[in-house]
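Raw entry36.pdb, PDB, C-alpha atoms and all ligand atoms:
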ATOM      1  CA  MET A   1       0.000   0.000   0.000  1.00  0.00           C
ATOM      2  CA  LYS A   2       1.325   3.425  -0.963  1.00  0.00           C
ATOM      3  CA  ARG A   3       1.985   6.173   1.571  1.00  0.00           C
ATOM      4  CA  GLY A   4       0.205   9.450   0.903  1.00  0.00           C
ATOM      5  CA  THR A   5      -3.309   8.038   0.593  1.00  0.00           C
ATOM      6  CA  LYS A   6      -5.949   8.263   3.293  1.00  0.00           C
ATOM      7  CA  LEU A   7      -6.543   4.508   2.978  1.00  0.00           C
ATOM      8  CA  TYR A   8      -2.912   3.898   3.971  1.00  0.00           C
ATOM      9  CA  SER A   9      -3.281   6.089   7.047  1.00  0.00           C
ATOM     10  CA  ILE A  10      -6.577   4.454   8.048  1.00  0.00           C
ATOM     11  CA  LEU A  11      -5.603   0.806   7.588  1.00  0.00           C
ATOM     12  CA  LYS A  12      -2.072   1.178   8.979  1.00  0.00           C
ATOM     13  CA  LEU A  13      -3.378   3.422  11.825  1.00  0.00           C
ATOM     14  CA  LYS A  14      -0.776   6.094  11.052  1.00  0.00           C
ATOM     15  CA  CYS A  15      -0.884   9.850  11.648  1.00  0.00           C
ATOM     16  CA  PRO A  16      -3.006  11.395   8.858  1.00  0.00           C
ATOM     17  CA  ARG A  17      -0.611  14.324   8.454  1.00  0.00           C
ATOM     18  CA  CYS A  18       2.827  12.630   8.105  1.00  0.00           C
ATOM     19  CA  GLN A  19       1.763   8.941   7.914  1.00  0.00           C
ATOM     20  CA  ILE A  20       4.869   7.994   9.899  1.00  0.00           C
ATOM     21  CA  GLY A  21       3.843   8.224  13.560  1.00  0.00           C
ATOM     22  CA  ASN A  22       1.424   5.703  15.063  1.00  0.00           C
ATOM     23  CA  LEU A  23      -2.086   6.785  16.057  1.00  0.00           C
ATOM     24  CA  PHE A  24      -2.150   4.429  19.042  1.00  0.00           C
ATOM     25  CA  ASN A  25       0.419   3.713  21.757  1.00  0.00           C
ATOM     26  CA  ASN A  26      -0.092  -0.014  21.194  1.00  0.00           C
ATOM     27  CA  PRO A  27      -0.056  -0.236  17.362  1.00  0.00           C
ATOM     28  CA  GLY A  28      -1.923  -2.820  15.319  1.00  0.00           C
ATOM     29  CA  LEU A  29      -5.536  -3.682  14.524  1.00  0.00           C
ATOM     30  CA  PHE A  30      -5.858  -6.758  16.747  1.00  0.00           C
ATOM     31  CA  VAL A  31      -4.618  -5.791  20.207  1.00  0.00           C
ATOM     32  CA  PHE A  32      -6.041  -6.625  23.600  1.00  0.00           C
ATOM     33  CA  SER A  33      -4.548  -4.011  25.880  1.00  0.00           C
ATOM     34  CA  ARG A  34      -4.506  -0.213  25.809  1.00  0.00           C
ATOM     35  CA  ILE A  35      -7.081  -0.407  23.028  1.00  0.00           C
ATOM     36  CA  LEU A  36      -7.962   3.293  22.699  1.00  0.00           C
ATOM     37  CA  GLU A  37      -4.857   4.813  24.315  1.00  0.00           C
ATOM     38  CA  MET A  38      -3.490   7.447  21.931  1.00  0.00           C
ATOM     39  CA  PRO A  39      -0.469   9.749  22.282  1.00  0.00           C
ATOM     40  CA  ASP A  40      -1.275  13.451  22.723  1.00  0.00           C
ATOM     41  CA  LYS A  41       0.814  14.366  19.672  1.00  0.00           C
ATOM     42  CA  CYS A  42       2.313  12.531  16.698  1.00  0.00           C
ATOM     43  CA  SER A  43       5.831  11.251  17.473  1.00  0.00           C
ATOM     44  CA  SER A  44       7.036  12.407  14.046  1.00  0.00           C
ATOM     45  CA  CYS A  45       5.292  15.672  13.040  1.00  0.00           C
ATOM     46  CA  LYS A  46       3.812  16.749  16.425  1.00  0.00           C
ATOM     47  CA  GLN A  47       0.269  16.854  15.010  1.00  0.00           C
ATOM     48  CA  ASN A  48      -2.144  17.201  17.926  1.00  0.00           C
ATOM     49  CA  PHE A  49      -4.339  14.082  18.311  1.00  0.00           C
ATOM     50  CA  LYS A  50      -6.360  15.500  21.233  1.00  0.00           C
ATOM     51  CA  MET A  51      -8.214  17.954  19.028  1.00  0.00           C
ATOM     52  CA  GLU A  52     -10.891  18.994  21.557  1.00  0.00           C
ATOM     53  CA  PRO A  53     -12.783  17.368  24.454  1.00  0.00           C
ATOM     54  CA  GLY A  54     -15.195  14.726  23.179  1.00  0.00           C
ATOM     55  CA  PHE A  55     -13.733  14.765  19.670  1.00  0.00           C
ATOM     56  CA  TYR A  56     -13.682  10.962  19.364  1.00  0.00           C
ATOM     57  CA  THR A  57     -17.344  10.651  20.326  1.00  0.00           C
ATOM     58  CA  ALA A  58     -18.030  11.305  16.642  1.00  0.00           C
ATOM     59  CA  ALA A  59     -16.211   8.051  15.850  1.00  0.00           C
ATOM     60  CA  LEU A  60     -19.364   6.290  17.051  1.00  0.00           C
ATOM     61  CA  TRP A  61     -21.196   7.712  14.038  1.00  0.00           C
ATOM     62  CA  ILE A  62     -18.534   6.228  11.779  1.00  0.00           C
ATOM     63  CA  SER A  63     -18.402   2.768  13.367  1.00  0.00           C
ATOM     64  CA  TYR A  64     -22.202   2.423  13.458  1.00  0.00           C
ATOM     65  CA  PRO A  65     -22.718   2.369   9.646  1.00  0.00           C
ATOM     66  CA  MET A  66     -19.719   0.055   9.281  1.00  0.00           C
ATOM     67  CA  VAL A  67     -21.304  -2.395  11.718  1.00  0.00           C
ATOM     68  CA  VAL A  68     -24.640  -2.134   9.887  1.00  0.00           C
ATOM     69  CA  LEU A  69     -22.973  -2.750   6.501  1.00  0.00           C
ATOM     70  CA  ILE A  70     -21.132  -5.806   7.838  1.00  0.00           C
ATOM     71  CA  PHE A  71     -23.759  -7.441  10.046  1.00  0.00           C
ATOM     72  CA  ILE A  72     -27.076  -6.827   8.254  1.00  0.00           C
ATOM     73  CA  PRO A  73     -26.022  -9.103   5.343  1.00  0.00           C
ATOM     74  CA  LEU A  74     -24.839 -11.723   7.864  1.00  0.00           C
ATOM     75  CA  LEU A  75     -28.155 -11.547   9.745  1.00  0.00           C
ATOM     76  CA  ILE A  76     -30.108 -11.803   6.471  1.00  0.00           C
ATOM     77  CA  LEU A  77     -27.992 -14.837   5.583  1.00  0.00           C
ATOM     78  CA  GLY A  78     -28.727 -16.291   9.003  1.00  0.00           C
ATOM     79  CA  PHE A  79     -32.481 -15.733   8.645  1.00  0.00           C
ATOM     80  CA  SER A  80     -32.494 -17.172   5.108  1.00  0.00           C
ATOM     81  CA  LEU A  81     -30.733 -20.291   6.362  1.00  0.00           C
ATOM     82  CA  HIS A  82     -33.127 -20.562   9.301  1.00  0.00           C
ATOM     83  CA  SER A  83     -35.081 -23.319   7.608  1.00  0.00           C
ATOM     84  CA  LEU A  84     -31.971 -25.475   7.472  1.00  0.00           C
ATOM     85  CA  ASN A  85     -31.753 -26.664  11.070  1.00  0.00           C
ATOM     86  CA  GLY A  86     -28.006 -27.172  11.325  1.00  0.00           C
ATOM     87  CA  PHE A  87     -27.023 -23.853   9.793  1.00  0.00           C
ATOM     88  CA  PHE A  88     -29.094 -21.843  12.281  1.00  0.00           C
ATOM     89  CA  THR A  89     -27.105 -23.219  15.180  1.00  0.00           C
ATOM     90  CA  ILE A  90     -23.819 -22.676  13.329  1.00  0.00           C
ATOM     91  CA  ILE A  91     -24.278 -19.236  11.735  1.00  0.00           C
ATOM     92  CA  TYR A  92     -25.423 -17.325  14.843  1.00  0.00           C
ATOM     93  CA  PRO A  93     -22.549 -18.331  17.128  1.00  0.00           C
ATOM     94  CA  PHE A  94     -20.277 -17.420  14.191  1.00  0.00           C
ATOM     95  CA  ILE A  95     -21.893 -13.962  13.907  1.00  0.00           C
ATOM     96  CA  ILE A  96     -21.504 -13.379  17.660  1.00  0.00           C
ATOM     97  CA  LEU A  97     -17.861 -14.506  17.588  1.00  0.00           C
ATOM     98  CA  PHE A  98     -17.209 -12.382  14.475  1.00  0.00           C
ATOM     99  CA  SER A  99     -18.731  -9.309  16.165  1.00  0.00           C
ATOM    100  CA  PHE A 100     -16.427  -9.728  19.180  1.00  0.00           C
ATOM    101  CA  MET A 101     -13.409 -10.150  16.868  1.00  0.00           C
ATOM    102  CA  LEU A 102     -14.245  -6.982  14.905  1.00  0.00           C
ATOM    103  CA  GLN A 103     -14.992  -4.783  17.932  1.00  0.00           C
ATOM    104  CA  ILE A 104     -11.463  -3.465  18.519  1.00  0.00           C
ATOM    105  CA  PRO A 105     -10.434  -3.053  14.848  1.00  0.00           C
ATOM    106  CA  LEU A 106     -13.682  -1.172  14.087  1.00  0.00           C
ATOM    107  CA  MET A 107     -13.206   1.200  17.029  1.00  0.00           C
ATOM    108  CA  ARG A 108      -9.627   1.947  15.966  1.00  0.00           C
ATOM    109  CA  ILE A 109     -10.434   2.279  12.260  1.00  0.00           C
ATOM    110  CA  SER A 110     -13.353   4.632  12.973  1.00  0.00           C
ATOM    111  CA  ARG A 111     -11.041   6.910  14.991  1.00  0.00           C
ATOM    112  CA  ALA A 112      -8.524   6.826  12.130  1.00  0.00           C
ATOM    113  CA  ILE A 113     -11.286   7.703   9.618  1.00  0.00           C
ATOM    114  CA  LEU A 114     -12.439  10.592  11.816  1.00  0.00           C
ATOM    115  CA  LEU A 115      -8.911  12.000  12.057  1.00  0.00           C
ATOM    116  CA  ASN A 116      -8.430  11.572   8.300  1.00  0.00           C
ATOM    117  CA  MET A 117     -11.644  13.518   7.698  1.00  0.00           C
ATOM    118  CA  THR A 118     -10.224  16.493   9.611  1.00  0.00           C
ATOM    119  CA  ILE A 119      -6.459  16.326   8.870  1.00  0.00           C
ATOM    120  CA  ASP A 120      -4.894  16.092   5.414  1.00  0.00           C
ATOM    121  CA  TYR A 121      -1.611  14.460   4.392  1.00  0.00           C
ATOM    122  CA  THR A 122       1.178  16.956   3.792  1.00  0.00           C
ATOM    123  CA  THR A 123       4.837  16.534   2.899  1.00  0.00           C
ATOM    124  CA  ASN A 124       5.983  19.976   4.150  1.00  0.00           C
ATOM    125  CA  ARG A 125       5.877  20.042   7.926  1.00  0.00           C
TER     126      ARG A 125
HETATM  127 ZN    ZN B   1       2.472  12.841  12.147  1.00  0.00          ZN
END

Step by step, read the file and then write its structure as structure tokens.
Amino acid sequence: MKRGTKLYSILKLKCPRCQIGNLFNNPGLFVFSRILEMPDKCSSCKQNFKMEPGFYTAALWISYPMVVLIFIPLLILGFSLHSLNGFFTIIYPFIILFSFMLQIPLMRISRAILLNMTIDYTTNR
């Protein structure tokens, strides 16, 4: 993936301005500790990540449509397979497990999307 695109910054969880510094103290999509702990400023370009109090509350409005887009088709699939007895007992535990697995990556990606909506990539710092 090429640096300089917003997709790079979002999926790699990098600073939207320089795309070098990490957005989270514990980098990576699948982590189990310090999930939403972010540095105050970018380690590379000193971009402020604590924009204003309650800034990341808006990330809820980004993660919600992502969850709807992912899980509505799965639920429809589950309901359509309801008539097949075995699938009903298999697909719903899978959906619940899948939702727990995606919880942390979706929270982190929605914060990265929110920051990328407000901060642009720049090469002159
Ligand atoms: Zn930066």

Open item on the list: Which residues would end up in the selection if the PyMOL selection byres (((not hetatm)) within 8 of (chain B and resi 1)) were applied here, given that I need the answer as a ChimeraX atom specification?
Closed with: /A:14-22,41-47

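Using all atoms listed in the file, the nearest neighbour of Leu114 (chain A) within the list A:Thr5, A:Asn48, A:Asn26, A:Thr57 is A:Thr57.
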
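Take CA of Leu75 (chain A) and CA of Met101 (chain A): the distance between them is 16.4 Å.
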
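Remark: for Leu23 (chain A), the closest of the candidate residues A:Ile109, A:Phe55, A:Phe79, A:Ile90 is A:Ile109 (distances computed over only C-alpha atoms).
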
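Taking CA of Val67 (chain A) and CA of Ile95 (chain A) as endpoints, the distance between them is 11.8 Å.
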
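Minimum atom-to-atom distances from A:Ile119, A:Leu7, A:Leu77, A:Leu36 to Tyr56 (chain A) were compared using all atoms listed in the file, and the lowest value belongs to A:Leu36.
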
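Excluding region 58-66 of chain A itself and same-chain residues fewer than 3 positions from it, the residues having an atom within 10 Å of it are Gly54, Phe55, Leu69, Ile70, Phe71, Gln103, Pro105, Leu106, Met107, Arg108, Ile109, Ser110, Arg111, Ala112, Ile113, Leu114 and Leu115 of chain A, counting only C-alpha atoms.
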
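CA of Met51 (chain A) is positioned 16.9 Å from CA of Leu13 (chain A).
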
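Distances from A:Ser33, A:Thr122, A:Thr89, A:Asn116 to Ser9 (chain A) were compared using all atoms listed in the file, and the smallest one belongs to A:Asn116.
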
Open item on the list: Under the PyMOL selection byres (((chain A and resi 30) around 7) and not hetatm), which residues of this model are included? Write them out as a ChimeraX atom specification.
Closed with: /A:28-29,31-32,104-105

Using 3 Å of padding on each side, determine the axis-aligned box around all atoms of region 6-13 of chain A present in the file and give its centre and edge lengths in Å to one decimal, as lines of an AutoDock Vina configuration file.
center_x = -4.3
center_y = 4.5
center_z = 7.4
size_x = 10.5
size_y = 13.5
size_z = 14.8
